[in-house]
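**Q** Below is the file run_39.pdb, which contains PDB, C-alpha atoms.
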ATOM      1  CA  MET M   1     -25.682   6.047  50.285
ATOM      2  CA  PRO M   2     -24.341   7.752  47.182
ATOM      3  CA  HIS M   3     -21.311   5.455  46.927
ATOM      4  CA  ASP M   4     -22.967   2.186  47.759
ATOM      5  CA  HIS M   5     -21.098   0.220  45.120
ATOM      6  CA  HIS M   6     -23.185  -2.938  44.995
ATOM      7  CA  ASP M   7     -25.876  -0.821  43.378
ATOM      8  CA  HIS M   8     -23.422   0.873  41.026
ATOM      9  CA  ASP M   9     -21.030  -1.725  39.672
ATOM     10  CA  HIS M  10     -20.779   0.212  36.405
ATOM     11  CA  LEU M  11     -19.545   3.307  38.226
ATOM     12  CA  SER M  12     -16.128   4.019  39.648
ATOM     13  CA  PRO M  13     -15.839   4.543  43.456
ATOM     14  CA  SER M  14     -16.073   8.264  42.808
ATOM     15  CA  GLY M  15     -19.409   7.817  41.104
ATOM     16  CA  HIS M  16     -18.207   8.309  37.520
ATOM     17  CA  LEU M  17     -18.823   6.009  34.585
ATOM     18  CA  TYR M  18     -16.254   3.253  34.443
ATOM     19  CA  ARG M  19     -13.919   3.806  31.457
ATOM     20  CA  PRO M  20     -12.258   0.688  30.036
ATOM     21  CA  ASP M  21      -8.472   0.935  29.751
ATOM     22  CA  ASN M  22      -5.625  -1.422  28.868
ATOM     23  CA  ASP M  23      -7.149  -4.079  31.087
ATOM     24  CA  GLU M  24      -6.323  -7.151  29.019
ATOM     25  CA  PRO M  25      -3.074  -9.039  29.518
ATOM     26  CA  LEU M  26      -0.366  -8.382  26.914
ATOM     27  CA  SER M  27      -0.634 -10.439  23.749
ATOM     28  CA  TYR M  28       2.228 -12.652  22.601
ATOM     29  CA  TRP M  29       3.371 -10.049  20.032
ATOM     30  CA  GLN M  30       3.080  -7.126  22.431
ATOM     31  CA  THR M  31       5.316  -9.009  24.844
ATOM     32  CA  MET M  32       7.707  -9.806  21.981
ATOM     33  CA  GLU M  33       7.864  -6.134  20.920
ATOM     34  CA  ILE M  34       8.661  -4.992  24.452
ATOM     35  CA  ALA M  35      11.277  -7.719  24.887
ATOM     36  CA  VAL M  36      13.034  -6.886  21.606
ATOM     37  CA  ARG M  37      12.906  -3.151  22.306
ATOM     38  CA  GLU M  38      14.366  -3.624  25.791
ATOM     39  CA  LEU M  39      17.112  -5.866  24.441
ATOM     40  CA  LEU M  40      18.030  -3.354  21.724
ATOM     41  CA  ILE M  41      18.395  -0.671  24.388
ATOM     42  CA  GLU M  42      20.161  -2.940  26.889
ATOM     43  CA  LYS M  43      22.714  -4.075  24.306
ATOM     44  CA  GLY M  44      23.362  -0.518  23.143
ATOM     45  CA  VAL M  45      22.047  -1.087  19.601
ATOM     46  CA  SER M  46      19.595   1.763  20.028
ATOM     47  CA  THR M  47      18.485   4.160  22.741
ATOM     48  CA  ALA M  48      15.041   4.896  24.118
ATOM     49  CA  ALA M  49      15.393   8.437  22.781
ATOM     50  CA  GLU M  50      16.150   7.188  19.260
ATOM     51  CA  ILE M  51      13.149   4.859  19.337
ATOM     52  CA  ASN M  52      10.886   7.671  20.544
ATOM     53  CA  ALA M  53      12.277   9.965  17.847
ATOM     54  CA  GLN M  54      11.389   7.381  15.177
ATOM     55  CA  ILE M  55       7.864   7.040  16.565
ATOM     56  CA  ASP M  56       7.515  10.835  16.547
ATOM     57  CA  ALA M  57       8.814  10.999  12.969
ATOM     58  CA  MET M  58       6.299   8.391  11.829
ATOM     59  CA  ASP M  59       3.442  10.103  13.677
ATOM     60  CA  ALA M  60       4.384  13.382  11.974
ATOM     61  CA  ARG M  61       3.859  11.866   8.522
ATOM     62  CA  SER M  62       0.369  12.288   7.179
ATOM     63  CA  PRO M  63      -1.652  12.263   3.976
ATOM     64  CA  ALA M  64      -1.006  16.017   3.830
ATOM     65  CA  ASP M  65       2.524  15.196   2.617
ATOM     66  CA  GLY M  66       1.172  13.063  -0.212
ATOM     67  CA  ALA M  67      -1.351  15.784  -1.040
ATOM     68  CA  GLN M  68       1.534  18.224  -1.595
ATOM     69  CA  VAL M  69       3.131  15.778  -4.001
ATOM     70  CA  VAL M  70      -0.114  15.263  -5.928
ATOM     71  CA  ALA M  71      -0.900  18.980  -6.142
ATOM     72  CA  ARG M  72       2.587  19.660  -7.493
ATOM     73  CA  ALA M  73       2.123  16.902 -10.088
ATOM     74  CA  TRP M  74      -1.154  18.548 -11.151
ATOM     75  CA  THR M  75       0.524  21.893 -11.716
ATOM     76  CA  ASP M  76       4.027  20.997 -12.888
ATOM     77  CA  PRO M  77       4.102  18.605 -15.880
ATOM     78  CA  ALA M  78       7.863  18.047 -15.648
ATOM     79  CA  PHE M  79       7.505  17.087 -11.979
ATOM     80  CA  ARG M  80       4.599  14.771 -12.859
ATOM     81  CA  ASP M  81       6.856  13.014 -15.373
ATOM     82  CA  ARG M  82       9.605  12.627 -12.773
ATOM     83  CA  LEU M  83       7.073  11.334 -10.219
ATOM     84  CA  LEU M  84       5.823   8.688 -12.633
ATOM     85  CA  ALA M  85       9.391   7.734 -13.564
ATOM     86  CA  ASP M  86      10.684   7.478  -9.982
ATOM     87  CA  GLY M  87       8.244   8.180  -7.156
ATOM     88  CA  SER M  88      10.860   8.051  -4.405
ATOM     89  CA  ASP M  89      13.223  10.538  -6.051
ATOM     90  CA  ALA M  90      10.374  12.954  -6.738
ATOM     91  CA  CYS M  91       9.270  12.901  -3.079
ATOM     92  CA  ARG M  92      12.835  13.453  -1.893
ATOM     93  CA  GLU M  93      13.160  16.322  -4.350
ATOM     94  CA  MET M  94      10.259  17.974  -2.486
ATOM     95  CA  GLY M  95      12.127  17.513   0.789
ATOM     96  CA  PHE M  96      10.125  14.653   2.299
ATOM     97  CA  ASP M  97      12.122  12.266   4.481
ATOM     98  CA  ILE M  98      10.790   8.985   3.150
ATOM     99  CA  GLY M  99      13.681   6.803   4.289
ATOM    100  CA  ALA M 100      14.045   3.616   2.247
ATOM    101  CA  LEU M 101      10.577   3.863   0.698
ATOM    102  CA  LYS M 102      10.510   2.657  -2.914
ATOM    103  CA  LEU M 103       7.522   4.393  -4.386
ATOM    104  CA  ILE M 104       5.636   3.901  -7.628
ATOM    105  CA  ALA M 105       3.069   6.558  -8.504
ATOM    106  CA  VAL M 106       0.167   5.561 -10.744
ATOM    107  CA  GLU M 107      -2.039   8.133 -12.389
ATOM    108  CA  ASN M 108      -5.796   8.214 -12.746
ATOM    109  CA  THR M 109      -7.028   9.563 -16.056
ATOM    110  CA  ASN M 110     -10.330   9.833 -17.885
ATOM    111  CA  ASP M 111      -9.941   6.195 -18.894
ATOM    112  CA  VAL M 112      -8.080   4.509 -16.037
ATOM    113  CA  HIS M 113      -8.739   4.259 -12.307
ATOM    114  CA  ASN M 114      -6.062   2.760 -10.054
ATOM    115  CA  VAL M 115      -6.588   1.225  -6.627
ATOM    116  CA  ILE M 116      -3.973  -0.118  -4.219
ATOM    117  CA  VAL M 117      -4.156  -3.164  -1.972
ATOM    118  CA  CYS M 118      -1.769  -5.555  -0.276
ATOM    119  CA  THR M 119      -3.265  -9.033  -0.219
ATOM    120  CA  LEU M 120      -0.350 -10.654   1.612
ATOM    121  CA  CYS M 121      -0.114  -8.266   4.553
ATOM    122  CA  SER M 122      -0.652  -4.506   4.734
ATOM    123  CA  CYS M 123       2.112  -2.825   2.697
ATOM    124  CA  TYR M 124       1.416   0.892   2.526
ATOM    125  CA  PRO M 125       3.551   3.940   1.642
ATOM    126  CA  ARG M 126       3.645   4.940   5.315
ATOM    127  CA  ASN M 127       6.904   6.864   4.946
ATOM    128  CA  LEU M 128       4.970   9.306   2.781
ATOM    129  CA  LEU M 129       1.336   9.050   3.948
ATOM    130  CA  GLY M 130       1.727   7.979   7.574
ATOM    131  CA  LEU M 131       0.087   4.882   9.027
ATOM    132  CA  ALA M 132      -2.527   3.019   7.014
ATOM    133  CA  PRO M 133      -6.206   3.174   7.942
ATOM    134  CA  ASP M 134      -7.419   0.091   9.818
ATOM    135  CA  TRP M 135      -9.731  -1.012   7.000
ATOM    136  CA  TYR M 136      -6.760  -1.207   4.627
ATOM    137  CA  LYS M 137      -5.369  -4.004   6.802
ATOM    138  CA  SER M 138      -8.648  -5.921   7.056
ATOM    139  CA  ARG M 139      -8.997  -9.313   5.390
ATOM    140  CA  GLU M 140     -12.195  -8.109   3.774
ATOM    141  CA  TYR M 141     -10.558  -5.186   1.941
ATOM    142  CA  ARG M 142      -7.502  -7.250   1.037
ATOM    143  CA  SER M 143      -9.377 -10.219  -0.374
ATOM    144  CA  ARG M 144     -12.255  -8.421  -2.087
ATOM    145  CA  THR M 145     -10.308  -5.610  -3.785
ATOM    146  CA  VAL M 146      -8.482  -7.980  -6.124
ATOM    147  CA  LYS M 147     -11.666  -9.926  -6.927
ATOM    148  CA  GLU M 148     -14.434  -7.328  -7.091
ATOM    149  CA  PRO M 149     -12.779  -3.911  -7.078
ATOM    150  CA  ARG M 150     -15.772  -2.108  -8.569
ATOM    151  CA  LYS M 151     -18.062  -3.373  -5.834
ATOM    152  CA  VAL M 152     -15.538  -2.369  -3.175
ATOM    153  CA  LEU M 153     -15.166   1.072  -4.770
ATOM    154  CA  SER M 154     -18.939   1.526  -4.873
ATOM    155  CA  GLU M 155     -19.056   0.846  -1.133
ATOM    156  CA  PHE M 156     -16.573   3.699  -0.735
ATOM    157  CA  GLY M 157     -18.946   5.866  -2.768
ATOM    158  CA  VAL M 158     -16.883   5.716  -5.951
ATOM    159  CA  THR M 159     -18.894   4.839  -9.035
ATOM    160  CA  LEU M 160     -16.879   4.970 -12.223
ATOM    161  CA  PRO M 161     -18.144   5.664 -15.729
ATOM    162  CA  ASP M 162     -18.583   2.459 -17.666
ATOM    163  CA  HIS M 163     -15.687   3.043 -20.065
ATOM    164  CA  VAL M 164     -13.128   3.461 -17.271
ATOM    165  CA  GLN M 165     -10.725   0.556 -16.805
ATOM    166  CA  VAL M 166      -9.894  -0.414 -13.222
ATOM    167  CA  ARG M 167      -6.271  -1.275 -12.473
ATOM    168  CA  VAL M 168      -5.719  -3.011  -9.170
ATOM    169  CA  HIS M 169      -2.168  -2.985  -7.796
ATOM    170  CA  ASP M 170      -1.315  -5.725  -5.318
ATOM    171  CA  SER M 171       1.775  -4.556  -3.346
ATOM    172  CA  THR M 172       3.280  -8.007  -3.048
ATOM    173  CA  ALA M 173       6.963  -7.195  -2.652
ATOM    174  CA  ASP M 174       9.397  -4.281  -2.398
ATOM    175  CA  MET M 175       7.496  -1.389  -3.957
ATOM    176  CA  ARG M 176       4.850   0.821  -2.394
ATOM    177  CA  TYR M 177       2.184   2.671  -4.360
ATOM    178  CA  VAL M 178       0.464   6.012  -4.384
ATOM    179  CA  VAL M 179      -2.360   7.002  -6.704
ATOM    180  CA  ILE M 180      -2.289  10.410  -8.353
ATOM    181  CA  PRO M 181      -6.010  11.118  -8.461
ATOM    182  CA  ALA M 182      -7.448  12.962 -11.436
ATOM    183  CA  ARG M 183      -7.449  16.737 -11.001
ATOM    184  CA  PRO M 184     -11.025  17.912 -10.454
ATOM    185  CA  ALA M 185     -12.661  20.138 -13.046
ATOM    186  CA  GLY M 186     -13.141  23.766 -12.153
ATOM    187  CA  THR M 187      -9.727  24.213 -10.543
ATOM    188  CA  ASP M 188      -7.940  26.065 -13.347
ATOM    189  CA  GLY M 189      -5.471  28.581 -12.020
ATOM    190  CA  TRP M 190      -5.644  27.295  -8.434
ATOM    191  CA  SER M 191      -2.510  27.480  -6.305
ATOM    192  CA  VAL M 192      -0.693  24.314  -5.251
ATOM    193  CA  GLU M 193      -1.690  24.982  -1.626
ATOM    194  CA  LYS M 194      -5.374  25.280  -2.503
ATOM    195  CA  LEU M 195      -5.279  22.204  -4.746
ATOM    196  CA  ALA M 196      -3.624  20.124  -2.013
ATOM    197  CA  GLN M 197      -6.726  20.682   0.141
ATOM    198  CA  LEU M 198      -8.695  18.597  -2.373
ATOM    199  CA  VAL M 199      -6.427  15.553  -2.111
ATOM    200  CA  THR M 200      -7.702  13.056   0.447
ATOM    201  CA  ARG M 201      -5.959  10.008   1.870
ATOM    202  CA  ASP M 202      -8.459   7.698   0.170
ATOM    203  CA  SER M 203      -7.931   9.409  -3.190
ATOM    204  CA  MET M 204      -4.256   8.424  -2.936
ATOM    205  CA  ILE M 205      -5.190   4.785  -2.164
ATOM    206  CA  GLY M 206      -7.711   4.839  -5.021
ATOM    207  CA  THR M 207     -10.744   4.191  -2.825
ATOM    208  CA  GLY M 208     -11.751   7.817  -3.233
ATOM    209  CA  LEU M 209     -11.591  10.677  -5.704
ATOM    210  CA  ALA M 210     -10.154  14.115  -5.117
ATOM    211  CA  LYS M 211     -12.712  16.495  -3.666
ATOM    212  CA  THR M 212     -14.502  18.742  -6.115
ATOM    213  CA  PRO M 213     -14.575  22.481  -5.503
TER     214      PRO M 213
ATOM    215  CA  MET R   1      14.311 -16.278 -15.745
ATOM    216  CA  GLY R   2      16.948 -13.510 -15.811
ATOM    217  CA  ARG R   3      16.718  -9.931 -16.957
ATOM    218  CA  LEU R   4      14.877  -9.539 -20.203
ATOM    219  CA  PRO R   5      15.157  -7.158 -23.112
ATOM    220  CA  MET R   6      12.119  -4.933 -22.817
ATOM    221  CA  ALA R   7      11.493  -4.167 -26.488
ATOM    222  CA  GLU R   8       8.006  -5.625 -26.474
ATOM    223  CA  PRO R   9       5.534  -6.965 -23.920
ATOM    224  CA  GLN R  10       6.908 -10.234 -22.634
ATOM    225  CA  ARG R  11       4.301 -12.817 -21.707
ATOM    226  CA  VAL R  12       5.058 -14.779 -18.566
ATOM    227  CA  ARG R  13       3.382 -17.444 -16.458
ATOM    228  CA  VAL R  14       3.621 -17.620 -12.685
ATOM    229  CA  LYS R  15       4.905 -21.023 -11.642
ATOM    230  CA  THR R  16       2.466 -23.274  -9.829
ATOM    231  CA  MET R  17       4.866 -24.467  -7.150
ATOM    232  CA  MET R  18       3.654 -24.404  -3.540
ATOM    233  CA  PRO R  19       6.771 -24.297  -1.353
ATOM    234  CA  PRO R  20       6.434 -23.711   2.383
ATOM    235  CA  GLY R  21       7.832 -20.609   4.090
ATOM    236  CA  HIS R  22       7.675 -16.853   3.591
ATOM    237  CA  ILE R  23       6.482 -16.491  -0.007
ATOM    238  CA  ARG R  24       5.640 -13.154  -1.630
ATOM    239  CA  THR R  25       3.877 -14.690  -4.644
ATOM    240  CA  PRO R  26       0.124 -14.683  -3.958
ATOM    241  CA  ALA R  27      -1.466 -18.113  -4.328
ATOM    242  CA  TYR R  28      -4.308 -16.689  -6.426
ATOM    243  CA  LEU R  29      -1.828 -15.776  -9.190
ATOM    244  CA  ARG R  30       0.022 -19.077  -9.419
ATOM    245  CA  GLY R  31      -0.372 -20.666 -12.840
ATOM    246  CA  LYS R  32      -1.737 -17.402 -14.304
ATOM    247  CA  THR R  33      -0.332 -15.764 -17.419
ATOM    248  CA  GLY R  34       0.259 -12.046 -17.784
ATOM    249  CA  TRP R  35       2.805  -9.688 -19.262
ATOM    250  CA  ILE R  36       5.669  -7.711 -17.825
ATOM    251  CA  GLU R  37       4.685  -4.126 -17.091
ATOM    252  CA  ARG R  38       8.187  -3.105 -15.959
ATOM    253  CA  GLN R  39      11.205  -4.607 -14.303
ATOM    254  CA  LEU R  40      12.608  -3.555 -10.965
ATOM    255  CA  GLY R  41      15.392  -4.370  -8.620
ATOM    256  CA  PRO R  42      17.535  -6.297  -8.081
ATOM    257  CA  PHE R  43      16.177  -7.062  -4.627
ATOM    258  CA  GLY R  44      17.210  -9.723  -2.117
ATOM    259  CA  ASN R  45      15.103 -12.869  -2.214
ATOM    260  CA  PRO R  46      12.544 -12.425   0.607
ATOM    261  CA  GLU R  47      12.231 -16.189   0.964
ATOM    262  CA  GLN R  48      15.792 -16.146   2.320
ATOM    263  CA  LEU R  49      15.796 -12.724   3.998
ATOM    264  CA  ALA R  50      12.790 -13.747   6.118
ATOM    265  CA  TYR R  51      14.947 -16.355   7.841
ATOM    266  CA  GLY R  52      17.978 -14.136   8.398
ATOM    267  CA  LEU R  53      19.848 -15.571   5.397
ATOM    268  CA  PRO R  54      21.665 -13.373   2.891
ATOM    269  CA  GLY R  55      19.099 -12.859   0.144
ATOM    270  CA  GLU R  56      20.148 -13.755  -3.363
ATOM    271  CA  LYS R  57      19.746 -10.685  -5.608
ATOM    272  CA  LEU R  58      16.865 -11.192  -7.998
ATOM    273  CA  THR R  59      15.121  -9.151 -10.635
ATOM    274  CA  LEU R  60      11.624  -8.205  -9.589
ATOM    275  CA  TYR R  61       8.938  -7.807 -12.229
ATOM    276  CA  ARG R  62       5.639  -6.015 -12.188
ATOM    277  CA  VAL R  63       3.372  -8.427 -14.012
ATOM    278  CA  ARG R  64      -0.006  -7.298 -15.333
ATOM    279  CA  PHE R  65      -2.878  -9.761 -15.620
ATOM    280  CA  ILE R  66      -6.361  -9.272 -16.962
ATOM    281  CA  MET R  67      -9.112 -10.160 -14.510
ATOM    282  CA  ALA R  68     -10.531 -12.754 -16.923
ATOM    283  CA  GLU R  69      -7.243 -14.662 -16.638
ATOM    284  CA  VAL R  70      -7.160 -14.429 -12.851
ATOM    285  CA  TRP R  71     -10.809 -15.140 -12.033
ATOM    286  CA  GLY R  72     -12.222 -16.786 -15.185
ATOM    287  CA  ASP R  73     -15.994 -16.597 -15.491
ATOM    288  CA  GLN R  74     -16.192 -15.058 -12.047
ATOM    289  CA  ALA R  75     -14.333 -11.919 -13.095
ATOM    290  CA  GLU R  76     -16.283  -8.819 -12.139
ATOM    291  CA  ARG R  77     -15.107  -7.059 -15.345
ATOM    292  CA  PRO R  78     -12.943  -9.274 -17.568
ATOM    293  CA  GLU R  79     -10.911  -6.430 -19.090
ATOM    294  CA  ASP R  80      -9.919  -4.785 -15.799
ATOM    295  CA  THR R  81      -6.347  -5.509 -14.777
ATOM    296  CA  LEU R  82      -4.341  -6.566 -11.778
ATOM    297  CA  ASP R  83      -0.640  -5.813 -11.311
ATOM    298  CA  ALA R  84       1.594  -7.638  -8.848
ATOM    299  CA  GLU R  85       5.314  -7.775  -8.157
ATOM    300  CA  ILE R  86       6.760 -11.219  -8.831
ATOM    301  CA  TYR R  87      10.404 -12.295  -8.414
ATOM    302  CA  GLU R  88      12.148 -13.775 -11.418
ATOM    303  CA  HIS R  89      12.419 -17.326 -10.055
ATOM    304  CA  TRP R  90       8.616 -17.508  -9.962
ATOM    305  CA  LEU R  91       8.207 -16.692 -13.661
ATOM    306  CA  GLU R  92       8.561 -18.705 -16.835
ATOM    307  CA  PRO R  93       8.118 -17.555 -20.438
ATOM    308  CA  ALA R  94       4.589 -18.129 -21.724
TER     309      ALA R  94
END
Render the structure in this file as structure tokens.
**A**
Amino acid sequence: MPHDHHDHDHLSPSGHLYRPDNDEPLSYWQTMEIAVRELLIEKGVSTAAEINAQIDAMDARSPADGAQVVARAWTDPAFRDRLLADGSDACREMGFDIGALKLIAVENTNDVHNVIVCTLCSCYPRNLLGLAPDWYKSREYRSRTVKEPRKVLSEFGVTLPDHVQVRVHDSTADMRYVVIPARPAGTDGWSVEKLAQLVTRDSMIGTGLAKTP
Amino acid sequence: MGRLPMAEPQRVRVKTMMPPGHIRTPAYLRGKTGWIERQLGPFGNPEQLAYGLPGEKLTLYRVRFIMAEVWGDQAERPEDTLDAEIYEHWLEPA
């Protein structure tokens, strides 16, 4: 019998591979999130449509936005100066809706390499770059980056020349950080759009370098 | 410690206190000496905001430490640096 299920416990009744889904009970915090969200709607503080719009807005943010900022800084020295002086204002000037984000931009040079971590939780400039990668929130990344940043960087494939100083930034409070990676050699005269293609998410966290042409 | 004149690098030590609650001063930096990289804020005290209390406005400092100060002999590269944001009530002149 093709659908004799005691022989095929790993298959669905229709004979297909069983695909795990949200089969676990809700966790404490999932239940809490749903309860708070329902209360906010029930009490008229917010609406389901507003909450969905915020989720959509966050999902629309991506490292491509940060890449535009970096590429502009590479090509426009006055903008680079404004970005280093006030990261939030510079992003708003480019038209990015970063909400209440308070951003500090730090610049990689021939002598300095910056890397960002949040040891206390998982602070990340999500209003510019979108949601953080899962590894950024791991205890391993958070605890090791402040203690042995060069080893962590080497595991990301980043080996720095010996004379380069590493600056680790622990986002412990109100500010968020973005790294301006060093502009790769061989890109003289490139357009901002073409340069932005070289700027990866990890290069803006400091766990990577900009791509080379 | 209040707002400081920023004419020259100001050396500061992170207090060693260990209060309970929502604290934004990492334990690994308590008792360590660094210098002020820049000052920020004022921002509400997160130790109060976390419990729904009105947060007292405090100056926030970015403090830069060398790895040798933070990790001693275990530092991976003594002259590398670590910056963290520390609220004024956690700092004392060093």
**Q** Using all atoms listed in the file, I'd like every residue of chain M that has an atom within 8 Å of chain R; please write them out as a PDB file with C-alpha atoms, keeping the file's coordinate frame.
**A**
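result.pdb was written with the following content:
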ATOM      1  CA  THR M 119      -3.265  -9.033  -0.219  1.00  0.00           C
ATOM      2  CA  LEU M 120      -0.350 -10.654   1.612  1.00  0.00           C
ATOM      3  CA  VAL M 146      -8.482  -7.980  -6.124  1.00  0.00           C
ATOM      4  CA  LYS M 147     -11.666  -9.926  -6.927  1.00  0.00           C
ATOM      5  CA  GLU M 148     -14.434  -7.328  -7.091  1.00  0.00           C
ATOM      6  CA  PRO M 149     -12.779  -3.911  -7.078  1.00  0.00           C
ATOM      7  CA  ARG M 150     -15.772  -2.108  -8.569  1.00  0.00           C
ATOM      8  CA  GLN M 165     -10.725   0.556 -16.805  1.00  0.00           C
ATOM      9  CA  VAL M 166      -9.894  -0.414 -13.222  1.00  0.00           C
ATOM     10  CA  ARG M 167      -6.271  -1.275 -12.473  1.00  0.00           C
ATOM     11  CA  VAL M 168      -5.719  -3.011  -9.170  1.00  0.00           C
ATOM     12  CA  HIS M 169      -2.168  -2.985  -7.796  1.00  0.00           C
ATOM     13  CA  ASP M 170      -1.315  -5.725  -5.318  1.00  0.00           C
ATOM     14  CA  SER M 171       1.775  -4.556  -3.346  1.00  0.00           C
ATOM     15  CA  THR M 172       3.280  -8.007  -3.048  1.00  0.00           C
ATOM     16  CA  ALA M 173       6.963  -7.195  -2.652  1.00  0.00           C
ATOM     17  CA  ASP M 174       9.397  -4.281  -2.398  1.00  0.00           C
ATOM     18  CA  MET M 175       7.496  -1.389  -3.957  1.00  0.00           C
TER      19      MET M 175
END
**Q** Enter the distance from atom CA of Leu83 of chain M to atom CA of Asp188 of chain M, in Å, rounded to one decimal.
**A**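 According to the coordinates, atom CA of Leu83 of chain M and atom CA of Asp188 of chain M are separated by 21.3 Å.
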**Q** Would you work out the distance separating atom CA of Ala132 of chain M from atom CA of Val164 of chain M, expressed in Å to one decimal?
**A**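 Rounded to one decimal, the two atoms are 26.5 Å apart.
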**Q** Written as a list in words, what is the full residue list that the PyMOL selection byres ((chain M and resi 199) around 9) yields on the file shown?
**A**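 For this structure, the PyMOL selection byres ((chain M and resi 199) around 9) captures Pro63, Ala64, Gly66, Ala67, Gln68, Val70, Ala71, Pro181, Leu195, Ala196, Gln197, Leu198, Thr200, Arg201, Asp202, Ser203, Met204, Leu209, Ala210 and Lys211 of chain M.
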**Q** Can you turn the PyMOL selection byres ((chain M and resi 182) around 8) into a concrete residue list for this file, as a short mmCIF file (atom, residue, chain, number, x, y, z; two decimals) with C-alpha atoms, in the frame of the given file?
**A**
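In the end it all went to part15.cif:
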data_model
loop_
_atom_site.label_atom_id
_atom_site.label_comp_id
_atom_site.auth_asym_id
_atom_site.auth_seq_id
_atom_site.Cartn_x
_atom_site.Cartn_y
_atom_site.Cartn_z
CA GLU M 107 -2.04 8.13 -12.39
CA ASN M 108 -5.80 8.21 -12.75
CA THR M 109 -7.03 9.56 -16.06
CA ASN M 110 -10.33 9.83 -17.89
CA ILE M 180 -2.29 10.41 -8.35
CA PRO M 181 -6.01 11.12 -8.46
CA ARG M 183 -7.45 16.74 -11.00
CA PRO M 184 -11.02 17.91 -10.45
CA LEU M 209 -11.59 10.68 -5.70
CA ALA M 210 -10.15 14.12 -5.12
#
**Q** Within 7 Å of Val14 of chain R, counting all atoms listed in the file, which residues qualify if same-chain residues fewer than 5 places away don't, as a PyMOL selection string?
**A** chain R and resi 29-33+90-92
**Q** For the residues in the current selection, export C-alpha atoms as a JSON list (two decimals), in the coordinates of the input.
**A**
[["chain", "number", "residue", "atom", "x", "y", "z"],
["R", 29, "LEU", "CA", -1.83, -15.78, -9.19],
["R", 30, "ARG", "CA", 0.02, -19.08, -9.42],
["R", 31, "GLY", "CA", -0.37, -20.67, -12.84],
["R", 32, "LYS", "CA", -1.74, -17.40, -14.30],
["R", 33, "THR", "CA", -0.33, -15.76, -17.42],
["R", 90, "TRP", "CA", 8.62, -17.51, -9.96],
["R", 91, "LEU", "CA", 8.21, -16.69, -13.66],
["R", 92, "GLU", "CA", 8.56, -18.70, -16.84]]
**Q** Evaluating the PyMOL selection byres ((chain M and resi 126) around 9) on the displayed file yields which residues, as a PyMOL selection string?
**A** chain M and resi 58+61-62+98+101+123-125+127-132+176
